[in-house]
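Shown next: work13.txt, containing compact mmCIF, C-alpha atoms.
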# COMPACT_ATOMS: atom_id res chain seq x y z
CA MET A 1 0.00 0.00 0.00
CA PRO A 2 1.43 3.44 -0.89
CA ALA A 3 2.31 5.74 1.98
CA LEU A 4 -0.50 7.94 3.25
CA THR A 5 0.06 11.65 2.63
CA LEU A 6 -1.18 13.62 5.59
CA ALA A 7 -2.60 17.11 5.48
CA ALA A 8 -1.02 19.38 8.06
CA GLU A 9 -2.87 20.44 11.18
CA PRO A 10 -3.08 24.21 11.54
CA GLY A 11 -0.08 25.32 13.59
CA ALA A 12 1.45 28.49 14.91
CA ALA A 13 4.18 28.62 12.25
CA LEU A 14 1.94 28.31 9.20
CA ASP A 15 2.23 31.12 6.68
CA ALA A 16 -0.84 29.91 4.78
CA PRO A 17 -4.06 28.04 5.51
CA PRO A 18 -3.69 24.26 5.77
CA ALA A 19 -4.56 22.00 2.89
CA TRP A 20 -8.18 20.94 3.21
CA PRO A 21 -9.33 18.50 4.44
CA VAL A 22 -7.09 17.95 7.42
CA PHE A 23 -6.67 14.24 8.08
CA ASP A 24 -4.29 11.62 9.46
CA GLY A 25 -4.14 7.92 10.17
CA SER A 26 -7.41 7.94 12.12
CA GLU A 27 -9.40 8.50 8.92
CA GLU A 28 -7.42 5.79 7.18
CA ALA A 29 -8.05 3.38 10.06
CA GLY A 30 -11.78 4.10 10.04
CA LEU A 31 -12.09 3.59 6.29
CA SER A 32 -10.03 0.41 6.45
CA ALA A 33 -12.20 -1.01 9.22
CA VAL A 34 -15.35 -0.45 7.16
CA LEU A 35 -13.71 -1.90 4.06
CA ARG A 36 -12.59 -5.05 5.83
CA SER A 37 -15.93 -5.52 7.58
CA GLY A 38 -17.70 -5.97 4.26
CA LYS A 39 -20.58 -3.93 5.72
CA TRP A 40 -20.53 -0.82 3.56
CA GLY A 41 -24.17 0.33 3.89
CA ARG A 42 -25.98 1.51 6.99
CA GLY A 43 -28.43 -1.39 6.76
CA ASN A 44 -25.96 -3.83 8.27
CA GLY A 45 -23.08 -1.58 9.41
CA SER A 46 -22.52 0.44 12.57
CA ALA A 47 -20.35 3.43 11.54
CA VAL A 48 -23.25 5.70 10.51
CA ALA A 49 -25.21 4.94 13.67
CA ALA A 50 -22.13 5.64 15.80
CA PHE A 51 -21.66 9.02 14.12
CA GLU A 52 -25.36 9.86 14.53
CA ALA A 53 -25.12 9.27 18.26
CA GLN A 54 -22.01 11.44 18.52
CA TYR A 55 -23.47 14.27 16.46
CA ALA A 56 -26.74 14.22 18.39
CA ALA A 57 -24.70 14.61 21.57
CA LEU A 58 -22.77 17.54 20.06
CA THR A 59 -25.90 19.39 18.93
CA GLY A 60 -27.92 18.52 22.02
CA ALA A 61 -30.74 17.19 19.83
CA THR A 62 -32.55 14.02 20.84
CA HIS A 63 -32.41 12.49 17.35
CA CYS A 64 -29.91 12.67 14.49
CA LEU A 65 -30.27 11.08 11.05
CA ALA A 66 -27.26 11.04 8.70
CA VAL A 67 -28.13 11.47 5.02
CA ALA A 68 -26.38 11.64 1.64
CA ASN A 69 -25.75 15.41 1.59
CA GLY A 70 -27.06 18.75 2.81
CA THR A 71 -29.64 18.97 0.04
CA SER A 72 -30.90 15.55 1.08
CA ALA A 73 -31.28 16.86 4.62
CA LEU A 74 -33.53 19.65 3.36
CA LEU A 75 -35.52 17.22 1.23
CA VAL A 76 -36.06 14.98 4.25
CA ALA A 77 -37.17 17.90 6.42
CA LEU A 78 -39.62 19.20 3.83
CA GLY A 79 -40.85 15.66 3.17
CA VAL A 80 -41.48 15.09 6.87
CA LEU A 81 -43.58 18.26 6.96
CA GLY A 82 -45.61 17.10 3.95
CA ILE A 83 -44.69 20.02 1.69
CA GLY A 84 -46.27 19.76 -1.77
CA PRO A 85 -47.85 21.64 -4.70
CA GLY A 86 -49.81 24.69 -3.60
CA ASP A 87 -47.62 25.21 -0.54
CA GLU A 88 -45.40 28.22 0.05
CA VAL A 89 -42.08 27.97 1.90
CA ILE A 90 -40.37 31.16 3.09
CA VAL A 91 -36.61 31.23 2.44
CA PRO A 92 -33.90 33.91 2.40
CA PRO A 93 -32.54 35.13 -0.96
CA TYR A 94 -28.97 35.23 0.36
CA THR A 95 -28.22 31.51 0.42
CA PHE A 96 -26.88 28.70 -1.72
CA ILE A 97 -29.31 27.54 -4.41
CA ALA A 98 -29.82 24.17 -2.64
CA THR A 99 -32.13 25.84 -0.11
CA VAL A 100 -34.48 26.82 -2.92
CA ASN A 101 -33.93 23.72 -5.07
CA ALA A 102 -35.19 21.53 -2.24
CA VAL A 103 -38.48 23.47 -2.14
CA LEU A 104 -38.83 23.27 -5.92
CA ARG A 105 -38.38 19.49 -5.90
CA PHE A 106 -41.76 19.26 -4.13
CA HIS A 107 -43.36 21.58 -6.70
CA ALA A 108 -43.91 24.05 -3.88
CA VAL A 109 -43.26 27.79 -4.25
CA PRO A 110 -40.24 29.40 -2.54
CA VAL A 111 -41.12 32.83 -1.15
CA PHE A 112 -38.19 35.14 -0.42
CA ALA A 113 -38.00 37.20 2.75
CA ASP A 114 -35.41 39.92 2.14
CA VAL A 115 -32.29 40.16 4.30
CA ASP A 116 -31.16 42.55 6.98
CA PRO A 117 -28.79 45.03 5.27
CA ALA A 118 -26.07 44.71 7.93
CA SER A 119 -26.01 41.01 8.76
CA LEU A 120 -27.23 39.56 5.40
CA GLN A 121 -29.34 37.16 7.48
CA MET A 122 -33.08 36.83 6.84
CA ASP A 123 -35.01 39.81 8.22
CA PRO A 124 -37.84 38.75 10.58
CA LYS A 125 -39.92 41.77 9.54
CA ARG A 126 -39.83 40.58 5.94
CA VAL A 127 -40.72 37.05 7.08
CA ALA A 128 -43.86 38.32 8.79
CA GLU A 129 -44.84 40.29 5.67
CA GLN A 130 -44.54 37.24 3.40
CA ILE A 131 -46.81 34.90 5.36
CA THR A 132 -50.07 33.91 3.65
CA SER A 133 -52.69 31.24 4.15
CA ARG A 134 -50.52 28.99 1.96
CA THR A 135 -47.34 29.28 4.02
CA ARG A 136 -46.41 25.82 5.29
CA ALA A 137 -42.81 26.26 6.47
CA ILE A 138 -40.07 28.81 7.13
CA VAL A 139 -36.44 27.93 6.36
CA MET A 140 -34.03 29.95 8.49
CA VAL A 141 -30.51 29.77 7.01
CA HIS A 142 -27.64 30.31 9.44
CA MET A 143 -25.60 32.02 6.76
CA ALA A 144 -21.80 31.80 6.97
CA GLY A 145 -22.02 30.04 10.34
CA GLY A 146 -23.57 33.01 12.09
CA VAL A 147 -27.12 33.10 13.42
CA GLY A 148 -29.54 35.92 12.65
CA GLU A 149 -32.62 36.81 14.69
CA LEU A 150 -33.66 33.20 15.16
CA GLY A 151 -35.74 33.96 18.24
CA GLN A 152 -37.96 36.38 16.35
CA VAL A 153 -38.41 33.95 13.46
CA LEU A 154 -39.35 31.17 15.88
CA GLU A 155 -41.91 33.47 17.50
CA ILE A 156 -43.42 34.29 14.11
CA GLY A 157 -43.64 30.59 13.30
CA LYS A 158 -45.26 29.84 16.66
CA LYS A 159 -47.78 32.66 16.27
CA HIS A 160 -48.96 31.35 12.89
CA GLY A 161 -48.54 27.62 13.57
CA ILE A 162 -45.81 27.35 10.92
CA PRO A 163 -42.83 25.03 11.54
CA VAL A 164 -39.31 26.47 11.24
CA ILE A 165 -36.54 24.47 9.58
CA GLU A 166 -32.99 25.51 10.48
CA ASP A 167 -30.71 25.29 7.45
CA ALA A 168 -27.46 24.96 9.40
CA ALA A 169 -25.38 23.64 6.49
CA GLN A 170 -22.65 26.18 7.30
CA ALA A 171 -23.12 26.32 11.05
CA HIS A 172 -21.37 23.42 12.78
CA LEU A 173 -20.71 24.51 16.41
CA ALA A 174 -22.79 27.70 16.06
CA GLU A 175 -24.93 28.46 19.11
CA TRP A 176 -28.08 30.39 19.84
CA GLU A 177 -28.60 31.37 23.48
CA GLY A 178 -25.97 28.87 24.56
CA ARG A 179 -27.44 25.92 22.66
CA HIS A 180 -26.15 24.44 19.43
CA VAL A 181 -28.20 25.35 16.36
CA GLY A 182 -30.40 22.77 14.68
CA GLY A 183 -32.60 21.82 17.60
CA HIS A 184 -34.43 25.12 18.10
CA GLY A 185 -36.86 24.66 15.22
CA ALA A 186 -38.90 21.65 14.16
CA LEU A 187 -35.92 20.18 12.29
CA GLY A 188 -32.31 21.20 11.66
CA CYS A 189 -30.31 20.41 8.51
CA PHE A 190 -26.53 20.15 8.21
CA SER A 191 -24.10 19.56 5.34
CA PHE A 192 -20.78 17.70 5.39
CA GLN A 193 -19.84 18.61 1.81
CA ALA A 194 -16.14 19.00 1.01
CA SER A 195 -15.90 22.73 1.82
CA LYS A 196 -17.72 22.52 5.14
CA ASN A 197 -16.16 22.83 8.61
CA LEU A 198 -17.08 19.16 9.22
CA ASN A 199 -16.37 17.25 6.04
CA SER A 200 -16.84 13.80 4.53
CA GLY A 201 -16.71 14.86 0.88
CA GLU A 202 -20.49 14.57 0.70
CA GLY A 203 -22.92 14.00 3.54
CA GLY A 204 -25.54 15.64 5.69
CA ALA A 205 -27.70 15.24 8.77
CA VAL A 206 -31.17 16.05 10.07
CA VAL A 207 -31.65 16.65 13.79
CA THR A 208 -34.89 16.98 15.74
CA ASN A 209 -36.27 16.68 19.26
CA ASP A 210 -39.53 15.17 18.00
CA ALA A 211 -39.54 11.35 18.06
CA ALA A 212 -42.38 11.05 15.54
CA MET A 213 -40.61 13.37 13.09
CA ALA A 214 -37.41 11.38 13.55
CA GLU A 215 -39.16 8.16 12.56
CA ARG A 216 -40.79 9.80 9.53
CA ALA A 217 -37.40 11.21 8.54
CA PHE A 218 -35.78 7.78 8.71
CA ALA A 219 -38.51 6.25 6.55
CA PHE A 220 -38.36 9.09 4.01
CA HIS A 221 -34.59 8.76 3.55
CA ASN A 222 -34.90 4.96 3.30
CA ASN A 223 -37.39 4.78 0.39
CA SER A 224 -40.35 4.81 2.79
CA ARG A 225 -39.13 1.81 4.77
CA GLY A 226 -39.28 2.21 8.52
CA ARG A 227 -36.50 1.46 10.96
CA THR A 228 -38.07 -1.81 12.11
CA GLN A 229 -39.64 -2.87 8.81
CA PRO A 230 -38.36 -6.34 7.83
CA GLY A 231 -36.66 -6.80 4.47
CA VAL A 232 -39.49 -8.91 3.08
CA ASP A 233 -42.17 -6.33 3.97
CA PHE A 234 -42.96 -4.35 0.81
CA HIS A 235 -45.86 -2.36 2.25
CA TYR A 236 -45.55 1.45 1.96
CA GLU A 237 -47.72 4.18 3.42
CA ALA A 238 -45.84 7.22 2.09
CA SER A 239 -43.33 8.18 -0.59
CA GLY A 240 -39.64 8.73 0.00
CA ALA A 241 -36.22 8.43 -1.60
CA ASN A 242 -32.86 6.74 -1.12
CA LEU A 243 -30.87 9.41 0.70
CA ARG A 244 -28.76 7.17 2.92
CA LEU A 245 -25.18 7.89 3.98
CA THR A 246 -22.57 5.17 3.42
CA GLU A 247 -20.58 3.53 6.20
CA PHE A 248 -17.37 4.93 4.73
CA GLN A 249 -18.60 8.48 5.20
CA GLY A 250 -19.82 7.66 8.69
CA ALA A 251 -16.31 6.52 9.59
CA LEU A 252 -14.76 9.67 8.07
CA LEU A 253 -17.10 11.93 10.03
CA THR A 254 -16.35 10.22 13.33
CA ALA A 255 -12.63 10.77 12.75
CA GLN A 256 -13.18 14.38 11.67
CA MET A 257 -15.23 15.06 14.82
CA ALA A 258 -12.03 14.78 16.85
CA ARG A 259 -10.75 17.99 15.22
CA ILE A 260 -13.81 20.19 15.07
CA GLY A 261 -13.39 21.73 18.52
CA LYS A 262 -9.75 22.76 18.04
CA GLN A 263 -10.40 24.04 14.54
CA GLY A 264 -13.45 25.98 15.71
CA ALA A 265 -11.41 27.69 18.42
CA ARG A 266 -8.80 28.72 15.84
CA ARG A 267 -11.48 30.23 13.58
CA LEU A 268 -12.89 32.24 16.48
CA GLU A 269 -9.42 33.53 17.35
CA THR A 270 -8.69 34.61 13.78
CA ALA A 271 -12.13 36.18 13.36
CA LYS A 272 -11.56 38.30 16.47
CA ARG A 273 -8.27 39.50 15.02
CA LEU A 274 -10.00 40.36 11.74
CA ASP A 275 -12.71 42.27 13.60
CA ASP A 276 -9.99 44.39 15.22
CA LEU A 277 -8.24 44.91 11.88
CA LEU A 278 -11.37 46.00 10.05
CA ALA A 279 -12.09 48.51 12.81
CA GLU A 280 -8.96 50.31 11.54
CA VAL A 281 -10.31 50.51 7.97
CA PRO A 282 -13.55 52.53 7.65
CA GLY A 283 -15.60 51.13 4.81
CA LEU A 284 -14.89 47.47 5.63
CA THR A 285 -17.56 46.40 8.13
CA PRO A 286 -17.93 42.88 9.57
CA CYS A 287 -21.43 41.44 9.25
CA PRO A 288 -22.96 41.21 12.74
CA VAL A 289 -24.92 38.25 14.10
CA GLY A 290 -28.23 38.11 15.92
CA ARG A 291 -28.48 39.27 19.50
CA GLY A 292 -28.93 35.72 20.74
CA CYS A 293 -26.00 34.24 18.80
CA THR A 294 -23.57 33.10 21.48
CA ARG A 295 -21.15 31.42 19.07
CA ASN A 296 -20.42 32.03 15.39
CA ALA A 297 -19.15 28.96 13.51
CA TYR A 298 -17.38 31.10 10.87
CA HIS A 299 -17.77 28.90 7.84
CA LEU A 300 -17.19 32.26 6.19
CA TYR A 301 -15.92 35.54 7.53
CA MET A 302 -18.26 38.07 5.88
CA PHE A 303 -17.93 41.83 5.69
CA ARG A 304 -19.34 44.70 3.64
CA TYR A 305 -17.30 46.82 1.22
CA GLU A 306 -18.39 50.47 0.84
CA ALA A 307 -16.82 51.85 -2.33
CA ALA A 308 -17.66 55.44 -1.39
CA LYS A 309 -15.28 55.21 1.59
CA PHE A 310 -12.41 54.37 -0.79
CA GLY A 311 -12.76 57.13 -3.33
CA GLY A 312 -15.13 55.09 -5.46
CA ARG A 313 -12.69 52.21 -5.94
CA SER A 314 -14.83 49.18 -6.70
CA ARG A 315 -15.17 45.92 -4.85
CA THR A 316 -13.72 44.19 -7.92
CA GLU A 317 -10.56 46.30 -7.56
CA PHE A 318 -10.40 45.46 -3.86
CA LEU A 319 -10.68 41.72 -4.54
CA LYS A 320 -7.89 41.93 -7.14
CA HIS A 321 -5.72 43.82 -4.65
CA MET A 322 -6.22 41.14 -2.01
CA GLY A 323 -5.39 38.39 -4.51
CA LYS A 324 -2.17 40.12 -5.57
CA SER A 325 -1.28 40.40 -1.88
CA GLY A 326 -1.56 36.63 -1.48
CA VAL A 327 -4.94 36.64 0.25
CA SER A 328 -7.90 35.03 -1.48
CA ALA A 329 -11.22 36.89 -1.19
CA SER A 330 -14.55 36.36 -2.88
CA GLY A 331 -17.59 38.48 -3.68
CA GLY A 332 -19.89 35.66 -2.66
CA TYR A 333 -23.42 35.07 -3.88
CA THR A 334 -25.29 36.78 -6.68
CA PRO A 335 -28.95 37.88 -6.14
CA LEU A 336 -30.75 34.54 -6.14
CA GLN A 337 -34.12 36.14 -6.89
CA ASP A 338 -32.74 37.34 -10.24
CA GLU A 339 -31.30 34.02 -11.42
CA PRO A 340 -33.01 32.51 -14.51
CA PHE A 341 -33.61 29.11 -12.94
CA LEU A 342 -36.73 30.39 -11.20
CA LYS A 343 -38.42 31.68 -14.35
CA ASN A 344 -37.37 28.53 -16.21
CA THR A 345 -38.78 26.32 -13.46
CA PHE A 346 -42.07 28.16 -13.02
CA GLU A 347 -42.73 27.95 -16.76
CA THR A 348 -42.29 24.18 -16.95
CA ARG A 349 -45.25 21.94 -17.62
CA GLY A 350 -45.47 20.69 -14.05
CA TYR A 351 -45.75 24.15 -12.52
CA GLN A 352 -48.19 25.36 -15.14
CA PHE A 353 -50.34 22.31 -14.45
CA ALA A 354 -50.34 22.94 -10.70
CA TYR A 355 -50.57 26.75 -10.66
CA GLY A 356 -51.67 27.87 -14.11
CA LYS A 357 -49.76 30.15 -16.45
CA GLY A 358 -48.24 33.40 -15.30
CA LEU A 359 -46.87 32.12 -11.99
CA PHE A 360 -43.48 33.76 -12.48
CA GLU A 361 -44.94 37.20 -13.13
CA ARG A 362 -47.12 36.92 -10.02
CA TRP A 363 -44.18 35.59 -7.99
CA ARG A 364 -41.76 38.31 -9.12
CA LYS A 365 -44.00 41.13 -7.84
CA LYS A 366 -43.76 39.73 -4.32
CA ASN A 367 -40.13 38.57 -4.34
CA ASP A 368 -37.99 41.45 -5.55
CA CYS A 369 -35.65 41.72 -2.47
CA PRO A 370 -33.87 45.03 -3.20
CA VAL A 371 -31.78 44.85 -0.01
CA ASN A 372 -30.35 41.50 -1.05
CA ARG A 373 -29.58 42.82 -4.53
CA ALA A 374 -27.57 45.70 -3.08
CA ALA A 375 -25.86 43.50 -0.50
CA CYS A 376 -24.68 41.04 -3.15
CA GLY A 377 -22.70 43.89 -4.70
CA GLU A 378 -20.96 44.76 -1.44
CA ALA A 379 -20.27 41.48 0.40
CA VAL A 380 -16.77 40.02 0.74
CA TRP A 381 -15.92 36.53 1.99
CA PHE A 382 -12.88 34.92 3.56
CA THR A 383 -13.30 31.13 3.75
CA GLN A 384 -13.14 28.95 6.85
CA THR A 385 -9.80 27.44 5.78
CA GLN A 386 -8.26 30.92 5.71
CA LEU A 387 -9.31 31.34 9.32
CA LEU A 388 -7.18 28.30 10.17
CA GLY A 389 -4.01 30.00 8.95
CA GLY A 390 -1.33 30.85 11.48
CA PRO A 391 -0.21 34.29 12.72
CA GLN A 392 2.02 34.88 9.70
CA TYR A 393 -0.93 34.47 7.35
CA VAL A 394 -3.12 36.76 9.46
CA ASP A 395 -0.30 39.32 9.37
CA ARG A 396 -0.35 39.06 5.58
CA MET A 397 -4.10 39.75 5.64
CA ALA A 398 -3.50 42.73 7.89
CA ARG A 399 -0.88 44.21 5.58
CA ALA A 400 -3.16 43.82 2.58
CA LEU A 401 -6.13 45.44 4.33
CA ARG A 402 -4.07 48.36 5.64
CA ALA A 403 -2.46 48.90 2.26
CA TRP A 404 -5.89 49.27 0.66
CA LYS A 405 -6.82 51.90 3.23
CA SER A 406 -3.89 54.06 2.23
In structure tokens, how does this file's structure come out?
Amino acid sequence: MPALTLAAEPGAALDAPPAWPVFDGSEEAGLSAVLRSGKWGRGNGSAVAAFEAQYAALTGATHCLAVANGTSALLVALGVLGIGPGDEVIVPPYTFIATVNAVLRFHAVPVFADVDPASLQMDPKRVAEQITSRTRAIVMVHMAGGVGELGQVLEIGKKHGIPVIEDAAQAHLAEWEGRHVGGHGALGCFSFQASKNLNSGEGGAVVTNDAAMAERAFAFHNNSRGRTQPGVDFHYEASGANLRLTEFQGALLTAQMARIGKQGARRLETAKRLDDLLAEVPGLTPCPVGRGCTRNAYHLYMFRYEAAKFGGRSRTEFLKHMGKSGVSASGGYTPLQDEPFLKNTFETRGYQFAYGKGLFERWRKKNDCPVNRAACGEAVWFTQTQLLGGPQYVDRMARALRAWKS
């Protein structure tokens, strides 16, 4: 067997972020154990169940179900809630497309609640304005690993009898009022995709404190087969899909869990340093979190770029400057409400059959989101791996930021 090449742990002497993912012999041992067991699927293996127990303990949720990816987690959550044609699901426009794609897969209608201009998290006031008699769920995205005004969104959901799904794909270790995210709403959804702070290449999880929902989630992700349903029983009471996680990924996640605490502490330390640095540069403003957010997971470090404070120099020029200085920076998402996939989807045969023609024109009048459109032109991201860089790399960031100020 060829020698295993190990990715370096973040250390004090690093002048650049570590290669991602970070791994060592523990991942290799876990994968080898699954391979040699011959039990590669969760039906007869134990690695996925072991990870589920560990992740439930981390989040504080009573139940955890590992699934194929973060999109699968959203599909399971929406499936458990019975979302279907004619239903509206409120989502933020500043999010990855998967949040919206999951709603569209049920032929439901995503309804955008515009974002808060400072935090870029979903604005509770806009959530309240978008509720109708057809609203069946609210998806609160913990964007970048921070948490917006979750308490207010939960209160809105409670007032109207609408369940809240936490899309915590980017929020491993994030906390709201001292408790890990995911278990505050009806269901919480996580992603373990390759870029995430907890990573198995692909993977996801659904957490809940409701035993009945947990059982429905298991059946949905297992092609409608319940946890105790024998292999010869081909009786089905609901639809579902095959969204199971493999034993190999379960073993990877258990090994990766050993690092998440140390890595999370490093991200917090670097983010604090960046906060102090940006305070020296008017026009670069860190995006705040909600008042109840007691821990930011920092999947991304997000801030706003105000061109007027820099003599009109554009964000594009700023990003090029950072790149030339050896610091990668991104402009992040484009306005999701303006992307052509929505018009193209709403004009397909299935949507026209369910809603009649002209759905997109009706939808667009209600879903413009001007705050999000402006924010997408001003946001800047540093990635979570950059926050794992050592002091020398942070010093490089500082030099680049100060040079732009001058």
Who sits within 12 Å of Gln384 in chain A, only C-alpha atoms, same chain under 5 positions skipped, as a PyMOL selection string: chain A and resi 17-21+144-145+170-172+194-198+263-268+270-271+296-302+328-329+389
If you count only C-alpha atoms, which residues fall within 12 Å of range 224-231 of chain A, apart from same-chain ones fewer than 2 positions away, as a PyMOL selection string? chain A and resi 42-44+65+76+79-80+212+214-222+233-244
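For the atom pair formed by CA of Asn209 in chain A and CA of Val89 in chain A, the distance is 21.5 Å, given to one decimal.
Nearest to Ala400 in chain A of all the residues A:Trp176, A:Tyr355, A:Phe318, A:Phe248 is A:Phe318, counting all atoms listed in the file.
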Box time for range 353-366 of chain A: axis-aligned, enclosing all its listed atoms, 4 Å extra on each side; report centre and edge lengths in Å to one decimal, as JSON.
{"center_x": -46.7, "center_y": 31.7, "center_z": -10.4, "size_x": 17.9, "size_y": 26.8, "size_z": 20.1}
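Here CA of Glu166 in chain A stands at a distance of 7.6 Å from CA of Val181 in chain A.
Nearest residue to Pro93 in chain A among A:Leu252, A:Leu58, A:Cys376, A:Ala354 is A:Cys376, counting all atoms listed in the file.
With distances taken from (-29.5, 39.9, -7.9) and restricted to all atoms listed in the file, the residues inside 12 Å are Pro93, Tyr94, Thr95, Asp114, Gly332, Tyr333, Thr334, Pro335, Leu336, Gln337, Asp338, Glu339, Pro340, Asn367, Asp368, Cys369, Pro370, Val371, Asn372, Arg373, Ala374, Ala375, Cys376, Gly377 and Glu378 of chain A.
Relative to CA of Glu202 in chain A, CA of Ala50 in chain A is found at 17.6 Å.
Take the candidates A:Lys405, A:Lys324, A:His160, A:Arg295 and check each one against Arg134 in chain A using only C-alpha atoms; the shortest distance goes to A:His160.
In this comparison, which uses only C-alpha atoms, the residue of A:Lys272, A:His184, A:Arg291, A:Lys366 approaching Thr132 in chain A most closely is A:Lys366.
Between Asn199 in chain A and the candidates A:Gly261, A:Gly25, A:Gly82, A:Gly250, the tightest atom-to-atom separation, counting only C-alpha atoms, involves A:Gly250.
The closest residue to Leu31 in chain A, picked from A:Ala255, A:Thr99, A:Arg402, A:Thr71 and counting only C-alpha atoms, is A:Ala255.
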Show me, as an MDAnalysis selection string, the residues that have an atom within 8 Å of Phe303 in chain A when counting only C-alpha atoms, minus same-chain residues fewer than 6 positions from it. chainID A and resid 284:287 379:381
Those same residues - C-alpha atoms - I'd like them written as a PDB file, keeping the file's coordinate frame.
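Done, and the output landed in again_4.pdb:
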ATOM      1  CA  LEU A 284     -14.890  47.470   5.630  1.00  0.00           C
ATOM      2  CA  THR A 285     -17.560  46.400   8.130  1.00  0.00           C
ATOM      3  CA  PRO A 286     -17.930  42.880   9.570  1.00  0.00           C
ATOM      4  CA  CYS A 287     -21.430  41.440   9.250  1.00  0.00           C
ATOM      5  CA  ALA A 379     -20.270  41.480   0.400  1.00  0.00           C
ATOM      6  CA  VAL A 380     -16.770  40.020   0.740  1.00  0.00           C
ATOM      7  CA  TRP A 381     -15.920  36.530   1.990  1.00  0.00           C
TER       8      TRP A 381
END
Using all atoms listed in the file, collect all residues at a distance of at most 10 Å from (-36.7, 31.3, -9.7) as written in the file, then present them as a short mmCIF file (atom, residue, chain, number, x, y, z; two decimals) with C-alpha atoms, in the coordinates of the input.
data_model
loop_
_atom_site.label_atom_id
_atom_site.label_comp_id
_atom_site.auth_asym_id
_atom_site.auth_seq_id
_atom_site.Cartn_x
_atom_site.Cartn_y
_atom_site.Cartn_z
CA ILE A 97 -29.31 27.54 -4.41
CA VAL A 100 -34.48 26.82 -2.92
CA ASN A 101 -33.93 23.72 -5.07
CA LEU A 104 -38.83 23.27 -5.92
CA VAL A 109 -43.26 27.79 -4.25
CA PRO A 110 -40.24 29.40 -2.54
CA VAL A 111 -41.12 32.83 -1.15
CA LEU A 336 -30.75 34.54 -6.14
CA GLN A 337 -34.12 36.14 -6.89
CA ASP A 338 -32.74 37.34 -10.24
CA GLU A 339 -31.30 34.02 -11.42
CA PRO A 340 -33.01 32.51 -14.51
CA PHE A 341 -33.61 29.11 -12.94
CA LEU A 342 -36.73 30.39 -11.20
CA LYS A 343 -38.42 31.68 -14.35
CA ASN A 344 -37.37 28.53 -16.21
CA THR A 345 -38.78 26.32 -13.46
CA PHE A 346 -42.07 28.16 -13.02
CA GLU A 347 -42.73 27.95 -16.76
CA PHE A 360 -43.48 33.76 -12.48
CA TRP A 363 -44.18 35.59 -7.99
CA ARG A 364 -41.76 38.31 -9.12
CA ASN A 367 -40.13 38.57 -4.34
#
Can you rebuild range 22-34 of chain A with N, CA and C atoms and give it as a short mmCIF file (atom, residue, chain, number, x, y, z; two decimals), in the frame of the given file?
data_model
loop_
_atom_site.label_atom_id
_atom_site.label_comp_id
_atom_site.auth_asym_id
_atom_site.auth_seq_id
_atom_site.Cartn_x
_atom_site.Cartn_y
_atom_site.Cartn_z
N VAL A 22 -8.13 18.40 6.52
CA VAL A 22 -7.09 17.95 7.42
C VAL A 22 -7.40 16.51 7.80
N PHE A 23 -6.43 15.64 7.73
CA PHE A 23 -6.67 14.24 8.08
C PHE A 23 -5.35 13.58 8.48
N ASP A 24 -5.47 12.40 9.11
CA ASP A 24 -4.29 11.62 9.46
C ASP A 24 -4.67 10.14 9.47
N GLY A 25 -3.92 9.35 10.18
CA GLY A 25 -4.14 7.92 10.17
C GLY A 25 -5.47 7.48 10.76
N SER A 26 -6.13 8.35 11.54
CA SER A 26 -7.41 7.94 12.12
C SER A 26 -8.48 7.79 11.05
N GLU A 27 -8.46 8.66 10.03
CA GLU A 27 -9.40 8.50 8.92
C GLU A 27 -9.09 7.23 8.14
N GLU A 28 -7.81 6.99 7.91
CA GLU A 28 -7.42 5.79 7.18
C GLU A 28 -7.85 4.53 7.94
N ALA A 29 -7.67 4.54 9.26
CA ALA A 29 -8.05 3.38 10.06
C ALA A 29 -9.56 3.15 10.02
N GLY A 30 -10.33 4.24 10.09
CA GLY A 30 -11.78 4.10 10.04
C GLY A 30 -12.27 3.56 8.71
N LEU A 31 -11.71 4.07 7.62
CA LEU A 31 -12.09 3.59 6.29
C LEU A 31 -11.68 2.13 6.11
N SER A 32 -10.50 1.78 6.58
CA SER A 32 -10.03 0.41 6.45
C SER A 32 -10.92 -0.55 7.22
N ALA A 33 -11.35 -0.13 8.41
CA ALA A 33 -12.20 -1.01 9.22
C ALA A 33 -13.53 -1.29 8.52
N VAL A 34 -14.10 -0.24 7.90
CA VAL A 34 -15.35 -0.45 7.16
C VAL A 34 -15.10 -1.36 5.97
#
